[in-house]
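Q: Structure supplied as data-v6.txt; contents: compact mmCIF, C-alpha atoms.
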```txt
# COMPACT_ATOMS: atom_id res chain seq x y z
CA MET J 1 -87.43 -28.11 46.49
CA ARG J 2 -88.28 -26.03 49.54
CA ALA J 3 -92.00 -26.87 49.37
CA GLU J 4 -91.19 -30.59 49.63
CA ARG J 5 -88.80 -29.90 52.53
CA LEU J 6 -91.45 -27.88 54.39
CA LEU J 7 -93.91 -30.74 53.94
CA ARG J 8 -91.39 -33.25 55.30
CA LEU J 9 -90.68 -30.96 58.24
CA LEU J 10 -94.39 -30.72 58.99
CA LEU J 11 -94.82 -34.50 58.80
CA ASN J 12 -91.83 -35.03 61.10
CA LEU J 13 -93.35 -32.76 63.73
CA GLN J 14 -96.73 -34.45 63.43
CA THR J 15 -95.39 -38.00 63.71
CA ARG J 16 -92.40 -37.61 66.04
CA GLY J 17 -93.72 -34.88 68.32
CA ARG J 18 -91.32 -32.56 70.13
CA SER J 19 -87.94 -32.49 68.36
CA THR J 20 -84.82 -30.39 68.60
CA VAL J 21 -83.50 -28.43 65.64
CA ALA J 22 -80.55 -30.84 65.50
CA GLN J 23 -82.86 -33.86 65.31
CA LEU J 24 -84.94 -32.27 62.55
CA ALA J 25 -81.80 -31.29 60.64
CA ALA J 26 -80.54 -34.88 60.79
CA ALA J 27 -83.91 -36.27 59.64
CA LEU J 28 -84.14 -33.84 56.71
CA GLU J 29 -80.41 -33.96 55.92
CA VAL J 30 -80.05 -30.18 55.97
CA SER J 31 -78.28 -27.68 58.23
CA PRO J 32 -79.79 -26.53 61.57
CA ARG J 33 -79.91 -22.99 60.16
CA THR J 34 -82.09 -24.20 57.26
CA VAL J 35 -84.44 -25.95 59.69
CA GLN J 36 -84.72 -22.78 61.77
CA ARG J 37 -85.64 -20.72 58.69
CA ASP J 38 -88.22 -23.34 57.63
CA LEU J 39 -89.78 -23.39 61.10
CA ASP J 40 -90.11 -19.61 60.97
CA ALA J 41 -91.72 -19.92 57.52
CA LEU J 42 -94.26 -22.47 58.80
CA SER J 43 -95.12 -20.19 61.72
CA LEU J 44 -95.62 -17.19 59.43
CA ALA J 45 -97.85 -19.35 57.21
CA GLY J 46 -100.18 -20.00 60.15
CA VAL J 47 -99.02 -23.49 61.09
CA PRO J 48 -99.11 -23.62 64.94
CA VAL J 49 -95.47 -24.59 65.56
CA TYR J 50 -93.72 -23.26 68.64
CA SER J 51 -90.55 -23.85 70.65
CA ILE J 52 -90.20 -25.03 74.26
CA ARG J 53 -87.09 -23.83 76.02
CA GLY J 54 -85.02 -25.53 78.69
CA ARG J 55 -83.99 -29.11 79.35
CA GLY J 56 -85.93 -31.55 77.20
CA GLY J 57 -87.25 -28.71 75.07
CA GLY J 58 -87.55 -28.43 71.32
CA TRP J 59 -90.04 -27.58 68.60
CA THR J 60 -93.56 -28.98 68.56
CA MET J 61 -97.06 -28.10 67.37
CA LEU J 62 -100.51 -27.86 68.91
CA PRO J 63 -101.75 -31.39 69.76
CA ASP J 64 -105.06 -31.05 67.91
CA TYR J 65 -103.51 -29.73 64.68
CA ARG J 66 -103.36 -32.06 61.69
CA SER J 67 -102.78 -31.04 58.10
CA ARG J 68 -104.95 -32.47 55.35
CA LEU J 69 -102.51 -34.04 52.93
CA THR J 70 -104.80 -35.29 50.16
CA GLY J 71 -102.71 -34.03 47.23
CA LEU J 72 -100.66 -37.20 46.85
CA THR J 73 -99.00 -37.78 43.49
CA PRO J 74 -99.40 -41.15 41.71
CA SER J 75 -95.84 -42.19 42.61
CA GLU J 76 -96.42 -41.28 46.27
CA VAL J 77 -99.62 -43.31 46.33
CA MET J 78 -97.86 -46.34 44.87
CA SER J 79 -95.04 -46.11 47.39
CA VAL J 80 -97.52 -46.07 50.28
CA PHE J 81 -99.71 -48.96 49.16
CA VAL J 82 -97.02 -51.22 47.70
CA GLY J 83 -94.47 -50.84 50.47
CA ALA J 84 -96.17 -52.80 53.26
CA THR J 85 -94.37 -55.95 54.39
CA ALA J 86 -97.04 -58.57 55.09
CA HIS J 87 -95.00 -61.06 57.12
CA VAL J 88 -93.76 -58.35 59.49
CA LEU J 89 -97.33 -57.21 60.16
CA ALA J 90 -98.39 -60.84 60.63
CA ASP J 91 -95.62 -61.41 63.19
CA LEU J 92 -96.87 -58.39 65.13
CA GLY J 93 -100.50 -59.47 64.84
CA LEU J 94 -101.28 -56.32 62.86
CA ASP J 95 -102.11 -57.79 59.46
CA ALA J 96 -105.88 -57.45 59.88
CA SER J 97 -105.55 -53.92 61.27
CA SER J 98 -103.27 -52.98 58.39
CA GLU J 99 -105.78 -54.12 55.80
CA LEU J 100 -108.55 -52.18 57.53
CA ALA J 101 -106.35 -49.07 57.73
CA VAL J 102 -105.53 -49.31 54.03
CA THR J 103 -109.24 -49.61 53.21
CA LYS J 104 -110.03 -46.53 55.30
CA LEU J 105 -107.17 -44.55 53.76
CA ILE J 106 -108.25 -45.43 50.22
CA ALA J 107 -111.81 -44.36 51.02
CA SER J 108 -110.55 -40.96 52.23
CA LEU J 109 -108.62 -40.21 49.04
CA PRO J 110 -109.96 -38.09 46.17
CA ASP J 111 -111.39 -40.08 43.27
CA GLY J 112 -108.35 -39.81 40.98
CA THR J 113 -105.88 -40.68 43.69
CA ARG J 114 -108.07 -43.57 44.88
CA ARG J 115 -107.91 -45.10 41.40
CA GLU J 116 -104.10 -44.87 41.48
CA ALA J 117 -104.02 -46.63 44.87
CA GLU J 118 -106.27 -49.49 43.74
CA TYR J 119 -104.29 -49.79 40.51
CA ALA J 120 -101.04 -50.17 42.42
CA ARG J 121 -102.44 -52.67 44.95
CA GLN J 122 -103.74 -54.95 42.18
CA ARG J 123 -100.59 -54.89 40.06
CA LEU J 124 -97.55 -54.67 42.36
CA LEU J 125 -96.47 -56.80 45.29
CA ILE J 126 -93.18 -56.76 47.18
CA ASP J 127 -92.32 -60.09 48.80
CA HIS J 128 -89.19 -59.87 50.96
CA ALA J 129 -89.09 -63.61 51.73
CA GLY J 130 -86.66 -65.97 50.04
CA TRP J 131 -87.77 -69.05 48.15
CA ASP J 132 -86.64 -71.40 50.91
CA ASP J 133 -88.83 -69.42 53.37
CA ARG J 134 -86.66 -70.28 56.37
CA ARG J 135 -88.57 -68.03 58.65
CA GLU J 136 -87.59 -67.67 62.28
CA THR J 137 -90.36 -68.13 64.78
CA PRO J 138 -90.34 -64.91 66.81
CA ARG J 139 -90.90 -66.69 70.12
CA TRP J 140 -90.21 -63.68 72.32
CA LEU J 141 -91.58 -61.02 69.98
CA ASP J 142 -94.80 -60.24 71.87
CA LEU J 143 -92.97 -59.96 75.19
CA CYS J 144 -90.27 -57.74 73.70
CA ARG J 145 -92.84 -55.54 72.01
CA GLN J 146 -94.64 -55.10 75.33
CA ALA J 147 -91.36 -54.17 77.02
CA VAL J 148 -90.55 -51.63 74.29
CA TRP J 149 -94.04 -50.08 74.38
CA GLU J 150 -94.25 -49.89 78.18
CA GLU J 151 -90.56 -48.96 78.67
CA ARG J 152 -89.97 -51.82 81.11
CA HIS J 153 -86.73 -53.69 81.72
CA LEU J 154 -86.29 -57.21 80.40
CA GLN J 155 -84.24 -59.93 82.05
CA ILE J 156 -82.88 -62.15 79.30
CA THR J 157 -80.68 -65.17 78.86
CA TYR J 158 -78.79 -65.14 75.61
CA GLY J 159 -77.02 -67.89 73.73
CA ASP J 160 -75.61 -68.51 70.25
CA THR J 161 -78.07 -70.96 68.71
CA THR J 162 -77.14 -70.45 65.05
CA ALA J 163 -74.01 -71.12 63.07
CA ALA J 164 -71.36 -68.47 62.71
CA GLY J 165 -71.22 -66.67 59.39
CA ASP J 166 -74.97 -66.87 58.82
CA GLY J 167 -75.11 -63.25 57.71
CA ALA J 168 -76.86 -62.05 60.85
CA MET J 169 -76.12 -58.77 62.53
CA PRO J 170 -73.44 -59.18 65.22
CA ASP J 171 -74.37 -59.46 68.87
CA ARG J 172 -71.41 -58.61 71.03
CA ASP J 173 -72.94 -60.11 74.18
CA ARG J 174 -72.92 -63.56 72.58
CA ARG J 175 -70.57 -64.97 75.22
CA ARG J 176 -72.44 -63.39 78.11
CA ARG J 177 -75.34 -65.78 78.42
CA GLY J 178 -76.98 -64.16 81.44
CA PRO J 179 -79.40 -63.75 82.89
CA PHE J 180 -78.88 -60.01 82.62
CA VAL J 181 -81.12 -56.95 82.43
CA VAL J 182 -81.56 -54.67 79.41
CA ALA J 183 -83.71 -51.65 78.56
CA PRO J 184 -85.53 -52.44 75.26
CA LEU J 185 -85.54 -49.46 72.88
CA GLY J 186 -86.81 -50.90 69.61
CA LEU J 187 -87.51 -53.89 67.37
CA VAL J 188 -86.17 -54.33 63.84
CA ALA J 189 -87.30 -56.84 61.22
CA LYS J 190 -84.42 -57.56 58.83
CA ALA J 191 -85.94 -59.67 56.04
CA ARG J 192 -87.45 -62.52 58.11
CA THR J 193 -85.22 -62.10 61.15
CA TRP J 194 -86.20 -60.06 64.21
CA TYR J 195 -83.75 -58.09 66.34
CA LEU J 196 -84.12 -56.33 69.69
CA VAL J 197 -82.16 -53.10 70.18
CA ALA J 198 -81.58 -52.51 73.87
CA ALA J 199 -79.37 -50.62 76.32
CA ARG J 200 -77.34 -52.52 78.88
CA THR J 201 -77.07 -51.40 82.48
CA ASP J 202 -73.85 -49.55 81.62
CA GLY J 203 -75.73 -47.54 78.96
CA ARG J 204 -74.12 -49.18 75.92
CA LEU J 205 -76.43 -50.15 73.07
CA ARG J 206 -76.57 -53.73 71.85
CA THR J 207 -78.42 -55.71 69.15
CA TYR J 208 -79.93 -59.07 70.12
CA ARG J 209 -81.30 -61.58 67.66
CA LEU J 210 -84.61 -62.87 69.03
CA SER J 211 -83.97 -66.44 67.91
CA ARG J 212 -80.91 -66.49 70.20
CA LEU J 213 -82.83 -65.55 73.32
CA THR J 214 -83.17 -68.66 75.49
CA SER J 215 -85.35 -66.90 78.05
CA ALA J 216 -86.98 -63.51 78.55
CA GLU J 217 -88.88 -62.15 81.52
CA LEU J 218 -90.66 -58.83 81.82
CA THR J 219 -89.77 -56.97 85.04
CA ASP J 220 -91.77 -54.35 86.92
CA ASP J 221 -88.93 -51.83 86.68
CA THR J 222 -89.42 -49.04 84.18
CA PHE J 223 -86.77 -46.89 82.53
CA THR J 224 -86.61 -43.51 80.83
CA ARG J 225 -86.04 -43.77 77.11
CA PRO J 226 -83.06 -41.64 75.98
CA ALA J 227 -84.41 -38.47 74.39
CA ASP J 228 -81.73 -38.48 71.69
CA PHE J 229 -82.14 -42.12 70.63
CA ASP J 230 -83.40 -42.67 67.08
CA LEU J 231 -83.92 -46.28 66.03
CA ALA J 232 -83.40 -45.75 62.29
CA THR J 233 -80.19 -43.80 62.86
CA TYR J 234 -78.83 -46.45 65.23
CA TRP J 235 -79.69 -49.30 62.85
CA ALA J 236 -78.05 -47.61 59.87
CA ARG J 237 -74.87 -47.08 61.89
CA ALA J 238 -74.92 -50.65 63.23
CA GLN J 239 -75.21 -52.05 59.70
CA ARG J 240 -72.28 -49.93 58.50
CA GLU J 241 -70.16 -51.12 61.42
CA PHE J 242 -71.20 -54.72 60.75
CA GLN J 243 -70.22 -54.53 57.10
CA ALA J 244 -66.90 -52.89 57.96
CA SER J 245 -66.08 -55.58 60.54
CA ARG J 246 -66.86 -58.59 58.33
CA PRO J 247 -63.88 -60.64 57.12
CA SER J 248 -63.14 -59.98 53.46
CA TYR J 249 -61.39 -62.21 50.93
CA PRO J 250 -61.31 -60.42 47.53
CA ILE J 251 -61.42 -62.62 44.43
CA VAL J 252 -61.78 -62.23 40.68
CA LEU J 253 -63.93 -64.74 38.80
CA LYS J 254 -64.91 -65.54 35.25
CA VAL J 255 -68.60 -66.46 35.42
CA ARG J 256 -71.23 -67.62 32.94
CA ASP J 257 -74.41 -65.59 32.43
CA HIS J 258 -76.69 -67.90 34.38
CA ALA J 259 -74.37 -68.00 37.42
CA VAL J 260 -73.78 -64.24 37.75
CA ARG J 261 -76.61 -63.84 40.25
CA ARG J 262 -74.80 -66.19 42.65
CA PHE J 263 -72.17 -63.54 43.32
CA ARG J 264 -72.20 -59.92 44.51
CA PRO J 265 -70.13 -57.75 42.17
CA LEU J 266 -68.10 -55.04 43.89
CA GLN J 267 -67.27 -53.30 40.61
CA PRO J 268 -68.99 -53.05 37.23
CA MET J 269 -68.82 -56.44 35.48
CA LEU J 270 -66.66 -56.74 32.37
CA PRO J 271 -67.73 -58.85 29.38
CA ALA J 272 -65.51 -61.81 28.52
CA ASP J 273 -65.94 -64.59 25.95
CA ASN J 274 -69.49 -64.94 24.62
CA ASP J 275 -71.73 -65.43 27.67
CA TRP J 276 -68.96 -65.05 30.27
CA TRP J 277 -68.30 -62.12 32.59
CA ILE J 278 -65.38 -60.98 34.74
CA ILE J 279 -66.56 -60.27 38.29
CA HIS J 280 -64.73 -58.73 41.24
CA THR J 281 -66.32 -59.88 44.50
CA ASP J 282 -65.37 -60.96 48.00
CA LEU J 283 -66.27 -63.69 50.47
CA GLU J 284 -65.35 -64.23 54.10
CA ASN J 285 -62.40 -66.60 53.63
CA PRO J 286 -60.66 -68.87 51.06
CA HIS J 287 -62.64 -71.95 52.11
CA GLU J 288 -65.98 -70.23 51.53
CA ALA J 289 -64.71 -68.91 48.17
CA CYS J 290 -63.58 -72.40 47.13
CA ALA J 291 -66.95 -73.90 48.03
CA ALA J 292 -68.82 -71.15 46.16
CA VAL J 293 -66.81 -71.73 42.98
CA LEU J 294 -67.17 -75.52 43.10
CA ALA J 295 -70.91 -75.19 43.63
CA GLN J 296 -71.26 -73.68 40.15
CA ALA J 297 -70.08 -76.92 38.47
CA GLY J 298 -67.75 -75.21 35.99
CA ALA J 299 -69.84 -72.08 35.48
CA ALA J 300 -67.37 -70.08 37.61
CA GLN J 301 -63.59 -70.00 37.11
CA VAL J 302 -61.05 -68.36 39.41
CA VAL J 303 -58.91 -65.64 37.84
CA ALA J 304 -57.25 -64.46 41.07
CA PRO J 305 -55.73 -64.95 43.58
CA PRO J 306 -53.43 -67.82 42.54
CA GLU J 307 -53.73 -69.68 45.86
CA LEU J 308 -57.49 -69.97 45.35
CA ILE J 309 -56.93 -71.53 41.92
CA THR J 310 -54.69 -74.16 43.56
CA MET J 311 -57.25 -74.76 46.31
CA VAL J 312 -60.12 -75.24 43.83
CA ARG J 313 -58.07 -77.64 41.69
CA GLU J 314 -57.10 -79.75 44.73
CA ALA J 315 -60.67 -79.80 46.06
CA ALA J 316 -62.01 -80.81 42.62
CA ARG J 317 -59.41 -83.59 42.41
CA LEU J 318 -60.50 -84.95 45.79
CA VAL J 319 -64.17 -84.76 44.82
CA ALA J 320 -63.52 -86.60 41.56
CA GLY J 321 -61.43 -89.22 43.36
CA SER J 322 -64.17 -89.93 45.90
CA HIS J 323 -66.69 -90.70 43.15
```
Using the file provided, produce a representation of the structure as structure tokens.
A:
Amino acid sequence: MRAERLLRLLLNLQTRGRSTVAQLAAALEVSPRTVQRDLDALSLAGVPVYSIRGRGGGWTMLPDYRSRLTGLTPSEVMSVFVGATAHVLADLGLDASSELAVTKLIASLPDGTRREAEYARQRLLIDHAGWDDRRETPRWLDLCRQAVWEERHLQITYGDTTAAGDGAMPDRDRRRRGPFVVAPLGLVAKARTWYLVAARTDGRLRTYRLSRLTSAELTDDTFTRPADFDLATYWARAQREFQASRPSYPIVLKVRDHAVRRFRPLQPMLPADNDWWIIHTDLENPHEACAAVLAQAGAAQVVAPPELITMVREAARLVAGSH
């Protein structure tokens, strides 16, 4: 609906500040022409939006203008108050501030909406941590956050301190241990793992896992943040590239009900005998696939490929012989 799009456009201008039509079009997933028409509509409606021409220009609004958005729907309220990730805020030292901000925001809501917010907070909780809670200690997080905020170069030494195939985002400078200088552009918390997104001296963007930093030092040199860099856009692209580059070994399994959650189906599952299912999935290589099947103690059977069936049988024979 256009009203919803106009609201999103207004919020983008309020939160992101000066933006080009192309940037707004990408954020709203519409054409630049649509954004231009919507900006004209906001201006005619009395919203103080205006364009700045020339290099580094774009659309912005008067600094002291803020819309009063108190007409939140129940679903919008729930998404705001349920979506906070506690461990991320704790890592950043913002957990107490977050709770205070939530309290203030609830107090500012109309009575009906306030009840919806309290209802959601008391009944829904999203915990992104796994049961084993293997949480990385973000040793360099405060220093990296300072560098990102103050736009100052970091000199880092980088080494591979975790096993390959751990599911982490790739870091292509893994072999280059440093020390070398980067321009920090953003921090990303992926589940319980922190990443630094930074530009190298040659301008190329890289992703660094904080647990693999062996040293980090804040320099006095500042840098100019690229005007066209958007952290969310970069991260989405990096994840797509990561998934596309991962080794893939497709397999077909027959799996019992209780073991289905151990695998990631790539296609809709097909029912088999009683409580069994046919699953198409993939793992990184035949050895990982063999280990995953054996770990289910008979609750997973290989349907294809034939060489994996042979590998599982031989591995099971060796296991049985050693006991």
Q: As an exercise, work out the distance from CA of Asp40 (chain J) to CA of Ala27 (chain J) in Å and give it to one decimal place.
A: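 Separation of CA of Asp40 (chain J) and CA of Ala27 (chain J): 17.8 Å.
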Q: Tell me, in Å to one decimal, how far CA of Ser248 (chain J) is from CA of Glu307 (chain J).
A: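 Atom-to-atom, CA of Ser248 (chain J) and CA of Glu307 (chain J) are spaced 15.5 Å apart.
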Q: Which value, in Å to one decimal, gives the distance between CA of Leu210 (chain J) and CA of Trp194 (chain J)?
A: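 Answer for the CA of Leu210 (chain J) to CA of Trp194 (chain J) separation: 5.8 Å.
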Q: Near Leu39 (chain J), counting all atoms listed in the file, which residues have an atom at most 8 Å away, once you skip same-chain residues fewer than 4 positions from it, shown as a list in words?
A: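 The residues that qualify are Val35, Ser43 and Val49 of chain J.
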Q: Counting all atoms listed in the file, figure out which residue out of J:Phe223, J:Tyr208, J:Tyr50, J:Phe229 gets nearest to Thr193 (chain J).
A: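 Under the stated criterion, the closest residue is J:Tyr208.
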Q: Around the point (-89.4, -51.5, 76.4) in the file's coordinates, collect all residues with an atom within 8 Å, using only C-alpha atoms, and return them as a list in words.
A: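 It turns out the residues near that spot are Cys144, Arg145, Gln146, Ala147, Val148, Trp149, Glu150, Glu151, Arg152, His153, Leu154, Ala183, Pro184, Leu185 and Gly186 of chain J.
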Q: Between J:Val21, J:Arg212, J:Leu218, J:Ala227, which residue has the minimum interatomic distance to Arg55 (chain J), considering all atoms listed in the file?
A: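 Looking only at the distances to Arg55 (chain J), the closest residue turns out to be J:Ala227.
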Q: Counting only C-alpha atoms, find the residues whose atoms lie at most 6 Å from (-69.6, -67.0, 32.6) (file coordinates) and write them out as a list of chain:residue names.
A: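 These residues have at least one counted atom within 6 Å: J:Lys254, J:Val255, J:Arg256, J:Asp257, J:Asp275, J:Trp276, J:Trp277, J:Ala299.
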Q: I'd like the neighbourhood of Val312 (chain J) as an MDAnalysis selection string, where a residue qualifies if any of its atoms comes within 7 Å (using only C-alpha atoms), though same-chain residues fewer than 4 positions away should be ignored.
A: chainID J and resid 290 308 316
Q: If you take every atom of region 217-222 of chain J that the file lists and fit an axis-aligned box around them with 8 Å extra on each side, what centre and edge lengths come out in Å to one decimal, as AutoDock Vina command-line options?
A:
```
--center_x -90.3 --center_y -55.6 --center_z 84.2 --size_x 18.9 --size_y 29.1 --size_z 21.4
```
Q: Do a neighbour search on Thr34 (chain J) at 12 Å with all atoms listed in the file, toss out local chain neighbours closer than 4 positions, and write the hits as a list in words.
A: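 What passes the distance filter is Arg2, Arg5, Leu6, Leu9, Val21, Ala22, Leu24, Ala25, Ala26, Leu28, Glu29, Val30, Asp38, Leu39, Asp40 and Ala41 of chain J.
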Q: Go through J:Gly58, J:Pro63, J:Pro48, J:Pro271 and flag the residue nearest Gln36 (chain J), using all atoms listed in the file for the distances.
A: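 Ranking J:Gly58, J:Pro63, J:Pro48, J:Pro271 by distance to Gln36 (chain J), first place goes to J:Gly58.
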Q: Set the distance at 12 Å and use all atoms listed in the file: which residues neighbour Leu253 (chain J) once local chain neighbours fewer than 2 positions away are removed? I'd like the list as an NGL selection string.
A: :J and (250-251 or 255-256 or 259-260 or 262-266 or 269-272 or 276-283 or 289-290 or 292-293 or 296 or 298-306 or 308-309)
Q: Taking only C-alpha atoms into account, which of J:Glu288, J:Glu314, J:Asp228, J:Asp91 comes nearest Val188 (chain J)?
A: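 Comparing J:Glu288, J:Glu314, J:Asp228, J:Asp91 against Val188 (chain J), the winner is J:Asp91.
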